[in-house]
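Here the structure is laid out as structure tokens; the discussion comes afterwards.
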Amino acid sequence: MTAKATARKPVSSRTAFTALAVLLSLVSVFPVFWMVTSAFKTRATVNDGNPLPTDFTVQNFVYVFTEVPFVRYLWNSFFVAAVITVVALLFHSMAAYALARLRFPGREVVFTLIFSTLLITAPVVLIPLFLVARELNLLNSYAGLIIPAIFNAFGIFLLRQFYLGFPREIEEAAIVDGCGHWRVYWNIVLPMSKPVLSALAVFFFLANWNAFIWPLVAVNDPDLTLVQLGISSFMTEYNSNWNYILAAATIAALPMLALFFAFQRQIVESIRTSGIK
């Protein structure tokens with residue numbers, strides 16, 4: 001009897017963990033489900049508390065695309081997030097490779113200074129960043145939205161940890177064949193970094209697609225409005241059009257959900273292979 005009970009114990013534990021995972025997944029997915037279903041409700045029923053719309057309508061989406069330049073907002077967010085992602089991945093991978101594989105005086109100090117910036121929150125540097133951007137005439141421009149968001153210490157840290165696990169034999173063989181550090185980085189290291197670069201691309205793109213505080217401070221030109229600022233425009237001083245807000249939020253969330261599901265394997269792989277060594 002004891003042996004049978006012991007044999008059944010792992011199964012019951014696995015079942016309990018599975019049930020807990022399913023429960024946590026439902027709790028995480030429910031707000032997204034509520035947002036999507038409420039986007040099809042009328043203004044009178046959007047706050048009725050029902051998970052499913054009783055008066056189904058698509059006029060909220062029609063309003064979003066016809067009464068406001070929401071397509072322009074989506075394009076601005078896509079352009080800014082895409083440029084930041086591409087440029088950041090290029091610069092971060094070069095910096096991480098140098099900090100992980102090259103020997104030079106002060107390397108650890110430089111990495112420590114970069115890593116310490118993770119302790120500084122965005123509101124702390126918001127005013128100094130605004131003053132610098134104003135002096136450089138970067139306000140109300142794509143450059144003002146893109147340049148301050150390129151640096152990200154987390155990306156350099158994650159890529160450095162990934163590069164520390166590279167076998168030196170590959171680099172040494174390439175150097176013996178006449179390759180310099182640039183060719184080693186471009187032809188060997190970068191192609192082998194696809195999993196972690198894919199994961200970081202999702203993180204960077206998602207973060208800049210959802211950017212709100214800095215774009216709110218940096219631009220007031222309607223032609224440069226990003227999607228999150230566009231969604232906030234449905235809020236007035238005395239009232240909020242939640243049916244329009246939820247419809248716009250649903251449209252803005254769909255590309256991000258698709259991007260995450262498309263690259264979820266790369267995200268898991270990069271986290272698994274980029275542990276602290």
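A note on labels: chains of the structure tokens are A, B, ... as shown, every chain counts residues from 1, and ligands are counted from 1 in their shown order.
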| Distance query region 21-36 of chain A at most 10 Å, only C-alpha atoms, self and fewer than 6 positions along chain excluded, as a VMD selection string | chain A and resid 15 49 to 53 243 245 to 247 249 to 251 253 to 254
| task | Have a look at CA of Val58 (chain A) and CA of Ser77 (chain A) and let me know their distance in Å, one decimal. | result | 24.0 Å
I'd like a table as a tab-separated table: residues in region 194-256 of chain A with an atom no more than 9 Å from region 141-162 of chain A, each row giving the shortest atom pair and its distance in Å to one decimal, only C-alpha atoms counted, sorted by chain and rising residue number.
residue	atom	partner	partner_atom	distance
A:Val196	CA	A:Leu159	CA	7.1
A:Leu197	CA	A:Leu159	CA	8.0
A:Leu200	CA	A:Gly155	CA	6.8
A:Phe204	CA	A:Gly155	CA	8.6
A:Asn208	CA	A:Ala149	CA	7.9
A:Trp214	CA	A:Leu145	CA	7.6
A:Pro215	CA	A:Leu145	CA	6.4
A:Ala218	CA	A:Gly144	CA	6.6
A:Val219	CA	A:Ser141	CA	7.1
A:Asp221	CA	A:Ser141	CA	8.5
A:Leu224	CA	A:Ser141	CA	7.3
Hey, can you spit out that residue selection with N, CA and C atoms as an mmCIF file, in the first residue's frame?
data_model
loop_
_atom_site.group_PDB
_atom_site.id
_atom_site.type_symbol
_atom_site.label_atom_id
_atom_site.label_comp_id
_atom_site.auth_asym_id
_atom_site.auth_seq_id
_atom_site.Cartn_x
_atom_site.Cartn_y
_atom_site.Cartn_z
ATOM 1 N N VAL A 196 18.497 34.883 -28.960
ATOM 2 C CA VAL A 196 18.438 35.972 -27.985
ATOM 3 C C VAL A 196 18.083 37.289 -28.663
ATOM 4 N N LEU A 197 18.520 37.501 -29.904
ATOM 5 C CA LEU A 197 18.159 38.727 -30.615
ATOM 6 C C LEU A 197 16.664 38.760 -30.932
ATOM 7 N N LEU A 200 14.926 39.686 -27.656
ATOM 8 C CA LEU A 200 15.103 41.109 -27.360
ATOM 9 C C LEU A 200 14.322 41.977 -28.329
ATOM 10 N N PHE A 204 11.947 44.836 -26.959
ATOM 11 C CA PHE A 204 12.149 46.238 -27.334
ATOM 12 C C PHE A 204 10.941 46.781 -28.098
ATOM 13 N N ASN A 208 8.493 49.839 -26.728
ATOM 14 C CA ASN A 208 8.368 51.116 -27.440
ATOM 15 C C ASN A 208 7.014 51.272 -28.112
ATOM 16 N N TRP A 214 7.396 59.323 -22.233
ATOM 17 C CA TRP A 214 8.323 60.152 -23.005
ATOM 18 C C TRP A 214 7.665 60.745 -24.250
ATOM 19 N N PRO A 215 6.895 59.980 -25.038
ATOM 20 C CA PRO A 215 6.195 60.618 -26.168
ATOM 21 C C PRO A 215 5.251 61.728 -25.745
ATOM 22 N N ALA A 218 7.670 64.616 -25.186
ATOM 23 C CA ALA A 218 8.558 65.004 -26.285
ATOM 24 C C ALA A 218 7.840 65.593 -27.484
ATOM 25 N N VAL A 219 6.581 65.267 -27.699
ATOM 26 C CA VAL A 219 5.891 65.736 -28.903
ATOM 27 C C VAL A 219 4.510 66.274 -28.547
ATOM 28 N N ASP A 221 2.894 67.509 -31.636
ATOM 29 C CA ASP A 221 2.450 67.576 -33.023
ATOM 30 C C ASP A 221 1.480 66.428 -33.297
ATOM 31 N N LEU A 224 2.677 63.368 -35.161
ATOM 32 C CA LEU A 224 3.652 62.489 -34.521
ATOM 33 C C LEU A 224 3.056 61.724 -33.354
#
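For the residues A:Ser93, A:Thr37, A:Asn60, A:Thr18, ranking by smallest atom-to-atom distance to Trp186 (chain A) using only C-alpha atoms places A:Ser93 first.
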| task | Work out how far CA of Pro69 (chain A) is from CA of Ile213 (chain A), in Å to one decimal. | result |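 About the pair CA of Ile213 (chain A) and CA of Pro69 (chain A): they are 20.6 Å apart.
The nearest approach to Val64 (chain A) among the residues A:Ile84, A:Ala19, A:Arg101, A:Ala39, with only C-alpha atoms taken into account, belongs to A:Ala39.
Atom pair CA of Arg134 (chain A) / CA of Phe70 (chain A) has a distance of 27.4 Å (rounded to one decimal).
Residue nearest Ala262 (chain A), chosen from A:Ser38, A:Ala100, A:Leu136, A:Val202 and counting only C-alpha atoms: A:Val202.
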| task | Go through A:Phe56, A:Phe205, A:Tyr97, A:Phe65 one by one, measure the shortest atom-to-atom distance of each to Val83 (chain A) using only C-alpha atoms, and give the residue with the smallest value. | result |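 For Val83 (chain A), the nearest of the candidates is A:Phe205.
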| Secondary structure check, helix (DSSP H, G or I) residues of region 19-252 of chain A, as a count of residues only | 170
| task | Give the answer as one residue: which of A:Met235, A:Leu206, A:Ala133, A:Val227 has the shortest atom-to-atom distance to Ala252 (chain A), using only C-alpha atoms? | result | A:Val227
